[in-house]
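File shown here: run.txt, holding compact mmCIF, C-alpha atoms and all ligand atoms.
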# COMPACT_ATOMS: atom_id res chain seq x y z
CA MET A 1 -21.62 -82.58 -38.47
CA LYS A 2 -20.14 -85.31 -36.39
CA LYS A 3 -17.47 -84.42 -33.89
CA ILE A 4 -14.91 -86.97 -32.99
CA ASN A 5 -12.60 -86.41 -30.10
CA GLU A 6 -10.72 -89.41 -28.87
CA SER A 7 -7.21 -90.29 -27.89
CA PHE A 8 -5.19 -92.13 -30.51
CA THR A 9 -1.68 -93.16 -31.42
CA CYS A 10 0.00 -91.01 -34.04
CA ILE A 11 0.64 -92.91 -37.24
CA ASN A 12 3.76 -90.86 -37.93
CA CYS A 13 5.65 -90.36 -34.65
CA LYS A 14 3.87 -93.18 -32.74
CA LYS A 15 3.25 -91.03 -29.70
CA GLU A 16 0.13 -91.49 -27.65
CA ILE A 17 -2.02 -88.42 -28.17
CA PRO A 18 -4.25 -87.30 -25.33
CA LEU A 19 -7.71 -85.83 -25.76
CA ALA A 20 -7.82 -82.21 -26.76
CA SER A 21 -9.21 -79.95 -24.09
CA LYS A 22 -11.43 -77.59 -26.06
CA THR A 23 -11.28 -78.59 -29.64
CA CYS A 24 -11.56 -81.69 -31.76
CA ARG A 25 -8.11 -82.80 -32.59
CA ASN A 26 -7.37 -83.86 -36.10
CA HIS A 27 -3.61 -83.67 -36.22
CA CYS A 28 -0.79 -84.76 -33.95
CA PRO A 29 0.35 -82.00 -31.54
CA TYR A 30 3.96 -83.26 -31.71
CA CYS A 31 4.61 -83.84 -35.39
CA PHE A 32 1.44 -82.34 -36.96
CA ALA A 33 0.75 -85.37 -39.11
CA SER A 34 -2.88 -86.21 -39.69
CA LEU A 35 -4.90 -88.75 -41.61
CA HIS A 36 -6.75 -88.02 -44.81
CA VAL A 37 -10.19 -88.90 -43.54
CA ASP A 38 -12.22 -85.88 -44.66
CA TRP A 39 -13.05 -85.17 -48.23
CA ASP A 40 -14.89 -81.92 -48.92
CA THR A 41 -15.67 -80.51 -45.54
CA PRO A 42 -13.90 -80.94 -42.24
CA TRP A 43 -15.27 -83.87 -40.29
CA ASP A 44 -17.24 -85.35 -43.16
CA ARG A 45 -15.10 -88.50 -42.82
CA SER A 46 -15.99 -89.51 -46.35
CA SER A 47 -12.47 -89.94 -47.68
CA THR A 48 -11.45 -93.41 -48.74
CA CYS A 49 -7.82 -92.36 -48.95
CA LYS A 50 -6.82 -92.58 -45.26
CA TRP A 51 -3.19 -91.74 -46.05
CA ILE A 52 -0.92 -89.48 -44.03
CA MET A 53 -1.27 -85.73 -44.47
CA TYR A 54 1.65 -83.51 -43.60
CA PRO A 55 1.77 -79.77 -42.90
CA THR A 56 3.41 -77.83 -45.71
CA GLU A 57 2.66 -74.19 -44.94
CA TYR A 58 1.24 -72.02 -42.25
CA GLN A 59 -0.11 -68.52 -41.94
CA LEU A 60 -0.48 -66.34 -38.92
CA LYS A 61 -3.76 -64.45 -39.04
CA ASN A 62 -5.21 -62.53 -36.11
CA SER A 63 -2.77 -64.37 -33.83
CA ASP A 64 -4.23 -67.64 -35.02
CA TYR A 65 -2.22 -70.18 -36.95
CA LYS A 66 -3.77 -71.65 -40.05
CA ILE A 67 -1.91 -74.72 -41.22
CA LEU A 68 -2.09 -76.13 -44.72
CA PHE A 69 -1.94 -79.92 -44.88
CA ILE A 70 -1.36 -81.94 -48.01
CA CYS A 71 -2.05 -85.64 -48.41
CA SER A 72 1.14 -87.50 -49.34
CA LYS A 73 -0.82 -89.94 -51.49
CA CYS A 74 -3.51 -88.08 -53.40
CA GLY A 75 -2.37 -84.48 -52.99
CA LYS A 76 -5.60 -83.28 -51.41
CA LYS A 77 -5.11 -80.07 -49.45
CA HIS A 78 -6.92 -78.74 -46.50
CA ARG A 79 -6.45 -76.02 -43.97
CA ASN A 80 -6.83 -76.33 -40.29
CA LYS A 81 -6.38 -74.31 -37.17
CA ARG A 82 -3.83 -75.27 -34.60
CA ALA A 83 -4.89 -76.80 -31.32
CA ASP A 84 -3.93 -75.11 -28.07
CA ASP A 85 -1.38 -77.71 -27.09
CA ASP A 86 0.31 -78.05 -30.48
CA GLU A 87 4.05 -77.65 -30.35
CA ILE A 88 3.75 -74.75 -32.69
CA THR A 89 7.35 -73.56 -32.26
CA LYS A 90 8.51 -76.76 -33.95
CA LEU A 91 6.27 -76.32 -36.94
CA PRO A 92 8.68 -74.53 -39.32
CA GLU A 93 11.31 -77.19 -38.71
CA LEU A 94 8.80 -80.00 -39.19
CA ILE A 95 7.54 -78.53 -42.44
CA LYS A 96 11.11 -78.59 -43.74
CA SER A 97 11.54 -82.21 -42.73
CA TYR A 98 8.36 -83.18 -44.59
CA GLU A 99 9.42 -81.56 -47.88
CA LYS A 100 10.97 -84.83 -48.97
CA TYR A 101 7.52 -86.37 -49.22
CA PHE A 102 6.44 -83.87 -51.83
CA TYR A 103 9.49 -82.95 -53.91
ZN ZN B 201 2.82 -87.40 -34.39
ZN ZN B 202 -5.42 -88.49 -49.70
Represent the structure of the file as C-alpha cells.
Amino acid sequence: MKKINESFTCINCKKEIPLASKTCRNHCPYCFASLHVDWDTPWDRSSTCKWIMYPTEYQLKNSDYKILFICSKCGKKHRNKRADDDEITKLPELIKSYEKYFY
C-alpha cells in the first residue's frame, strides 16, 4: 500500500490544496472533487481513467462522514472518509451542484 500525500492544484476549483495534516488527502477540501486514480482498492493507483469524481452522497456514522464519490466518466463509485479540514458544511450544497453531471 503506497501512501501519497502531496500538495496539488484542484482540477475542479483550481485552488491550491495544502498537505493534509494527519491523513492522505484524495479529494479537494473545498469542492470535494477527486481524480479517478484508484481502481479496486484505495491507493492502488491502477485506474487508467483519471477523470473527475464528484461526491454524490454522504452518510454520518459514529460522527464520521463517509462520502460516496462517483466518476463522471466511467461511473465507478467509491467511498471515502472526510479529511479534518474539509469544508464539510458545504457538502450538501456541493452535491446538489454536481447533480448535473450525472442526470
Ligand atoms: Zn476543488
Ligand atoms: Zn472513472
Q | Protein and nucleic residues near ligand ZN 201 (chain B), 8 Å, only C-alpha atoms and all ligand atoms, as a ChimeraX atom specification | A | /A:9-15,17,27-34
Q. Within 10 Å of Pro55 of chain A, counting only C-alpha atoms, which residues qualify if same-chain residues fewer than 2 places away don't, as a ChimeraX atom specification?
A. /A:27,31-34,53,57-58,67-71,77-80,91-92,94-96,98-99
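Minimum atom-to-atom distance to ligand ZN 202 (chain B), evaluated using only C-alpha atoms and all ligand atoms, belongs to A:Asp40 out of A:Asp40, A:Glu16, A:Asp64, A:Glu93.
With distances restricted to all atoms listed in the file, A:Trp51 is the closest residue to ligand ZN 202 (chain B) from A:Tyr65, A:Phe8, A:Trp51, A:Tyr103.
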**Q.** Coordinates-based distance that separates atom CA of Ser7 of chain A from atom CA of Lys100 of chain A (Å, one decimal)
**A.** 28.4 Å
Q: List all protein, DNA and RNA residues that have any atom at most 9 Å from ligand ZN 202 (chain B), counting only C-alpha atoms and all ligand atoms, and write the list as an MDAnalysis selection string.
A: chainID A and resid 35:39 47:53 70:77
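The interatomic distance for the pair atom CA of Ala83 of chain A and atom CA of Tyr101 of chain A works out to 23.8 Å.
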Centre, x/y/z edge lengths, axis-aligned box for segment 31-42 of chain A with 8 Å per side, as lines of an AutoDock Vina configuration file:
center_x = -5.5
center_y = -84.7
center_z = -42.2
size_x = 36.3
size_y = 24.4
size_z = 29.5
(Q) Would you compute the distance between atom CA of Thr41 of chain A and atom CA of Arg25 of chain A? Give it in Å to one decimal. (A) 15.2 Å
My structure is short of atoms at segment 30-41 of chain A; please model all heavy atoms there, returning them as a compact mmCIF listing (two decimals), in the coordinates of the input.
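Once everything was written out, this is selection.txt:
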# COMPACT_ATOMS: atom_id res chain seq x y z
N TYR A 30 2.50 -83.15 -31.74
CA TYR A 30 3.96 -83.26 -31.71
C TYR A 30 4.58 -83.14 -33.10
O TYR A 30 5.57 -82.46 -33.29
CB TYR A 30 4.39 -84.58 -31.08
CG TYR A 30 3.72 -84.84 -29.76
CD1 TYR A 30 2.77 -85.83 -29.63
CD2 TYR A 30 4.04 -84.06 -28.64
CE1 TYR A 30 2.13 -86.06 -28.41
CE2 TYR A 30 3.40 -84.27 -27.43
CZ TYR A 30 2.45 -85.27 -27.32
OH TYR A 30 1.82 -85.49 -26.13
N CYS A 31 4.00 -83.84 -34.06
CA CYS A 31 4.61 -83.84 -35.39
C CYS A 31 3.66 -83.29 -36.46
O CYS A 31 4.04 -83.15 -37.60
CB CYS A 31 5.06 -85.25 -35.77
SG CYS A 31 3.69 -86.34 -36.17
N PHE A 32 2.44 -82.96 -36.08
CA PHE A 32 1.44 -82.34 -36.96
C PHE A 32 0.97 -83.22 -38.11
O PHE A 32 0.31 -82.74 -39.02
CB PHE A 32 1.95 -80.99 -37.52
CG PHE A 32 2.06 -79.93 -36.46
CD1 PHE A 32 3.17 -79.88 -35.63
CD2 PHE A 32 1.05 -79.01 -36.28
CE1 PHE A 32 3.27 -78.93 -34.62
CE2 PHE A 32 1.15 -78.03 -35.28
CZ PHE A 32 2.26 -78.00 -34.46
N ALA A 33 1.29 -84.50 -38.07
CA ALA A 33 0.75 -85.37 -39.11
C ALA A 33 -0.72 -85.63 -38.83
O ALA A 33 -1.16 -85.62 -37.69
CB ALA A 33 1.51 -86.69 -39.12
N SER A 34 -1.48 -85.84 -39.88
CA SER A 34 -2.88 -86.21 -39.69
C SER A 34 -3.26 -87.23 -40.75
O SER A 34 -2.48 -87.54 -41.65
CB SER A 34 -3.78 -84.97 -39.77
OG SER A 34 -3.82 -84.47 -41.08
N LEU A 35 -4.45 -87.76 -40.64
CA LEU A 35 -4.90 -88.75 -41.61
C LEU A 35 -5.89 -88.12 -42.56
O LEU A 35 -6.72 -87.30 -42.16
CB LEU A 35 -5.60 -89.91 -40.89
CG LEU A 35 -4.73 -91.03 -40.38
CD1 LEU A 35 -5.61 -92.13 -39.80
CD2 LEU A 35 -3.85 -91.59 -41.48
N HIS A 36 -5.80 -88.54 -43.83
CA HIS A 36 -6.75 -88.02 -44.81
C HIS A 36 -8.08 -88.76 -44.66
O HIS A 36 -8.32 -89.75 -45.33
CB HIS A 36 -6.17 -88.19 -46.22
CG HIS A 36 -7.03 -87.57 -47.25
ND1 HIS A 36 -6.84 -87.76 -48.59
CD2 HIS A 36 -8.10 -86.74 -47.13
CE1 HIS A 36 -7.75 -87.07 -49.25
NE2 HIS A 36 -8.53 -86.46 -48.39
N VAL A 37 -8.91 -88.25 -43.78
CA VAL A 37 -10.19 -88.90 -43.54
C VAL A 37 -11.38 -88.05 -44.02
O VAL A 37 -12.47 -88.56 -44.19
CB VAL A 37 -10.41 -89.24 -42.04
CG1 VAL A 37 -9.52 -90.39 -41.62
CG2 VAL A 37 -10.17 -88.02 -41.17
N ASP A 38 -11.13 -86.76 -44.21
CA ASP A 38 -12.22 -85.88 -44.66
C ASP A 38 -12.06 -85.57 -46.13
O ASP A 38 -10.95 -85.42 -46.62
CB ASP A 38 -12.19 -84.56 -43.88
CG ASP A 38 -12.35 -84.80 -42.39
OD1 ASP A 38 -13.17 -85.65 -42.04
OD2 ASP A 38 -11.65 -84.15 -41.61
N TRP A 39 -13.15 -85.46 -46.81
CA TRP A 39 -13.05 -85.17 -48.23
C TRP A 39 -13.35 -83.70 -48.52
O TRP A 39 -12.44 -82.89 -48.65
CB TRP A 39 -13.93 -86.11 -49.06
CG TRP A 39 -13.54 -86.10 -50.49
CD1 TRP A 39 -14.28 -85.65 -51.53
CD2 TRP A 39 -12.28 -86.50 -51.05
NE1 TRP A 39 -13.56 -85.76 -52.69
CE2 TRP A 39 -12.36 -86.27 -52.44
CE3 TRP A 39 -11.10 -87.03 -50.50
CZ2 TRP A 39 -11.29 -86.54 -53.30
CZ3 TRP A 39 -10.04 -87.31 -51.35
CH2 TRP A 39 -10.14 -87.07 -52.73
N ASP A 40 -14.57 -83.30 -48.55
CA ASP A 40 -14.89 -81.92 -48.92
C ASP A 40 -14.94 -80.96 -47.75
O ASP A 40 -14.45 -79.86 -47.82
CB ASP A 40 -16.23 -81.86 -49.67
CG ASP A 40 -16.07 -82.40 -51.08
OD1 ASP A 40 -15.00 -82.16 -51.67
OD2 ASP A 40 -16.99 -83.05 -51.56
N THR A 41 -15.55 -81.39 -46.69
CA THR A 41 -15.67 -80.51 -45.54
C THR A 41 -15.01 -81.17 -44.35
O THR A 41 -14.94 -82.40 -44.27
CB THR A 41 -17.16 -80.26 -45.20
OG1 THR A 41 -17.83 -81.52 -45.20
CG2 THR A 41 -17.80 -79.34 -46.20
